[in-house]
Amino acid sequence: MASNRSIERHFSRGAQAYHELALVQRAAAEKLAEAIDQQQLAPARVLDLACGTGFLTRIMANRFPDAHVIGIDLSPGMVHVATEFLSDCPNVELHVDDALQYQSPEPFDLIVSSSSLQWLRPYDHLMANLKAMLTPDGWTCMTAMLQGTLGELHQLRRELFADKLPSQSLPLADELLHAMTNAGFAIEHQEVHEAMEYYATAREFFASIRAQGFTGGPLSQGAQPLTRGELLTLIETCQQRYLTDAWGVPASYCYGVFAARQQ
Ligand SMILES: C[S@@+](CC[C@H](N)C(=O)[O-])C[C@H]1O[C@@H](n2cnc3c(N)ncnc32)[C@H](O)[C@@H]1O
């Protein structure tokens with residue numbers, strides 16, 4: 001729960017910056033929508049878990065104008081920005097809630113989530129909760145940031161401060177696929193995408209991920225925090241190691257797109 005508070009605080013504070021800067025996550029939501037289109041679903045009720053500022057919620061509301069679309073997120077700041085962003089979507093309802101605890105009196109035909117699964121552990125608990133909320137022929141379609149995302153930064157942390165690593169690492173696609181299969185879902189679609197962003201300097205890169213709220217919770221923080229001096233060493237080493245004249249400092253992303261149905 002302590003880590004939940006850290007996630008919530010960082011994403012609430014970063015909500016507006018996230019909405020403006022999170023281009024890879026926007027693209028992931030679009031890719032997920034394409035995967036959902038291929039399944040030719042016609043849901044009456046859709047749940048967007050950990051909806052953030054509503055990139056995917058908006059796409060779902062437009063794709064399925066007759067559906068009731070509910071978005072929930074742990075961070076009030078995210079829900080605040082989403083409320084404004086989705087104010088012209090009459091079929092959307094938003095709540096501040098924990099995706100791992102959320103329950104609904106009425107089942108959903110489709111549960112979606114984008115760029116958030118990595119925060120929603122343990123997966124056996126999450127998948128059991130999803131199954132309990134889905135109709136018997138319901139679907140769950142999700143994207144997750146996978147190992148390799150911000151790989152340059154994680155590599156440097158391992159090299160420089162091996163005794164101060166984050167408490168959790170990003171999942172592998174197999175970990176998620178196993179969790180879905182074990183929970184009784186049939187995987188109908190899976191793909192993995194890679195993307196790169198470039199920053200003029202390592203300092204700008206670090207400022208951006210911090211501003212967007214990515215530096216909270218167990219994926220970024222360990223039992224012992226980095227000192228200010230250690231953080232500066234990380235930034236300087238990142239600049240020396242990765243800066244190229246042509247492109248700047250790279251930030252890699254790797255995400256999976258999955259669609260599964262109840263069986
Ligand atoms: C990287 S953002 C992705 C937001 C959005 N789905 C998108 O596609 O842009 C991750 C989101 O997960 C939310 N989150 C993390 N843990 C959560 C939990 N246990 N329950 C609900 N939301 C959670 C955060 O508040 C944050 O808004």
# chains A, B, ... in the order shown; residues from 1 in each chain; ligands from 1
$ residues_around --residues "Leu117 in chain A" --least-positions-apart "2" --cutoff "10 Å" --atoms "only C-alpha atoms" --output "PyMOL selection string"
chain A and resi 49-50+99+113-115+119-123+126+142-146+170-171+176
$ residues_near_ligand --ligand "ligand 1" --cutoff "8 Å" --atoms "only C-alpha atoms and all ligand atoms" --output "MDAnalysis selection string"
chainID A and resid 4 7:8 11:12 15 18:19 22 25:26 28:29 48:56 72:76 78:79 96:101 113:117 119:121 214
$ closest_residue --among "A:Gly222, A:Pro105, A:Pro65, A:Gly77" --to "Leu165 in chain A" --atoms "only C-alpha atoms"
A:Gly222
$ select_by_dssp --residues "range 39-145 of chain A" --states "strand (DSSP E or B)" --output "JSON, numbers by chain"
{"A": [45, 46, 47, 48, 49, 68, 69, 70, 71, 72, 73, 92, 93, 94, 95, 96, 108, 109, 110, 111, 112, 113, 134, 135, 136, 137, 138, 139, 140, 141, 142, 143, 144, 145]}
$ write_last_selection --atoms "N, CA and C atoms" --output "compact mmCIF listing (two decimals), in the first residue's frame"
# COMPACT_ATOMS: atom_id res chain seq x y z
N ARG A 45 -20.87 -2.56 -22.26
CA ARG A 45 -20.21 -1.95 -21.11
C ARG A 45 -18.70 -2.19 -21.22
N VAL A 46 -17.94 -1.10 -21.11
CA VAL A 46 -16.48 -1.17 -21.24
C VAL A 46 -15.85 -0.56 -19.98
N LEU A 47 -14.83 -1.24 -19.45
CA LEU A 47 -14.09 -0.70 -18.31
C LEU A 47 -12.66 -0.42 -18.75
N ASP A 48 -12.17 0.80 -18.51
CA ASP A 48 -10.77 1.12 -18.77
C ASP A 48 -10.05 1.21 -17.42
N LEU A 49 -9.23 0.19 -17.15
CA LEU A 49 -8.52 0.10 -15.87
C LEU A 49 -7.27 0.97 -15.89
N HIS A 68 -21.58 2.08 -22.50
CA HIS A 68 -21.28 2.82 -21.29
C HIS A 68 -19.81 2.53 -20.96
N VAL A 69 -18.98 3.56 -20.96
CA VAL A 69 -17.54 3.38 -20.76
C VAL A 69 -17.15 3.94 -19.39
N ILE A 70 -16.62 3.08 -18.54
CA ILE A 70 -16.20 3.51 -17.20
C ILE A 70 -14.68 3.50 -17.15
N GLY A 71 -14.09 4.59 -16.68
CA GLY A 71 -12.64 4.65 -16.49
C GLY A 71 -12.34 4.82 -15.02
N ILE A 72 -11.40 4.02 -14.53
CA ILE A 72 -10.98 4.22 -13.14
C ILE A 72 -9.47 4.40 -13.08
N ASP A 73 -9.03 5.18 -12.11
CA ASP A 73 -7.59 5.36 -11.91
C ASP A 73 -7.34 5.68 -10.44
N VAL A 92 -19.15 8.45 -21.01
CA VAL A 92 -18.02 8.10 -20.13
C VAL A 92 -18.31 8.50 -18.69
N GLU A 93 -17.91 7.61 -17.78
CA GLU A 93 -18.02 7.88 -16.34
C GLU A 93 -16.63 7.59 -15.74
N LEU A 94 -16.14 8.47 -14.88
CA LEU A 94 -14.78 8.29 -14.34
C LEU A 94 -14.81 8.21 -12.82
N HIS A 95 -13.94 7.39 -12.26
CA HIS A 95 -13.86 7.26 -10.80
C HIS A 95 -12.41 7.16 -10.37
N VAL A 96 -12.13 7.66 -9.17
CA VAL A 96 -10.84 7.37 -8.53
C VAL A 96 -11.01 6.05 -7.80
N PHE A 108 -18.88 -6.40 -17.22
CA PHE A 108 -18.44 -5.70 -18.44
C PHE A 108 -18.27 -6.70 -19.57
N ASP A 109 -18.49 -6.24 -20.80
CA ASP A 109 -18.24 -7.06 -21.98
C ASP A 109 -16.79 -6.95 -22.42
N LEU A 110 -16.19 -5.82 -22.07
CA LEU A 110 -14.81 -5.57 -22.50
C LEU A 110 -14.09 -4.80 -21.40
N ILE A 111 -12.95 -5.33 -20.97
CA ILE A 111 -12.09 -4.60 -20.02
C ILE A 111 -10.78 -4.30 -20.73
N VAL A 112 -10.43 -3.01 -20.78
CA VAL A 112 -9.21 -2.59 -21.47
C VAL A 112 -8.28 -1.91 -20.47
N SER A 113 -7.04 -1.80 -20.86
CA SER A 113 -6.07 -1.07 -20.04
C SER A 113 -4.86 -0.82 -20.91
N LEU A 134 -16.09 -9.79 -15.79
CA LEU A 134 -16.45 -9.92 -17.22
C LEU A 134 -17.69 -10.79 -17.42
N THR A 135 -18.43 -10.52 -18.46
CA THR A 135 -19.51 -11.40 -18.88
C THR A 135 -18.89 -12.72 -19.36
N PRO A 136 -19.67 -13.81 -19.42
CA PRO A 136 -19.09 -15.12 -19.78
C PRO A 136 -18.36 -15.11 -21.12
N ASP A 137 -18.79 -14.29 -22.08
CA ASP A 137 -18.05 -14.24 -23.35
C ASP A 137 -17.30 -12.91 -23.50
N GLY A 138 -16.92 -12.35 -22.35
CA GLY A 138 -16.24 -11.04 -22.36
C GLY A 138 -14.78 -11.13 -22.79
N TRP A 139 -14.22 -9.97 -23.09
CA TRP A 139 -12.84 -9.86 -23.57
C TRP A 139 -12.04 -8.92 -22.68
N THR A 140 -10.73 -9.18 -22.61
CA THR A 140 -9.83 -8.19 -22.02
C THR A 140 -8.71 -7.90 -23.02
N CYS A 141 -8.47 -6.62 -23.26
CA CYS A 141 -7.50 -6.19 -24.27
C CYS A 141 -6.61 -5.13 -23.63
N MET A 142 -5.31 -5.38 -23.65
CA MET A 142 -4.42 -4.52 -22.86
C MET A 142 -3.07 -4.29 -23.54
N THR A 143 -2.44 -3.19 -23.17
CA THR A 143 -1.02 -3.03 -23.48
C THR A 143 -0.26 -2.92 -22.16
N ALA A 144 1.01 -3.30 -22.19
CA ALA A 144 1.86 -3.16 -21.01
C ALA A 144 3.25 -2.75 -21.45
N MET A 145 3.85 -1.85 -20.70
CA MET A 145 5.27 -1.54 -20.92
C MET A 145 6.09 -2.74 -20.44
$ residues_around --residues "range 243-248 of chain A" --least-positions-apart "3" --cutoff "10 Å" --atoms "only C-alpha atoms" --output "list in words"
Glu197, Tyr198, Tyr199, Ala200, Thr201, Ala202, Phe205, Thr237, Cys238, Gln239, Gln240 and Ala251 of chain A
$ atom_distance --atom1 "CA of Ser252 in chain A" --atom2 "CA of Ser169 in chain A"
15.3 Å
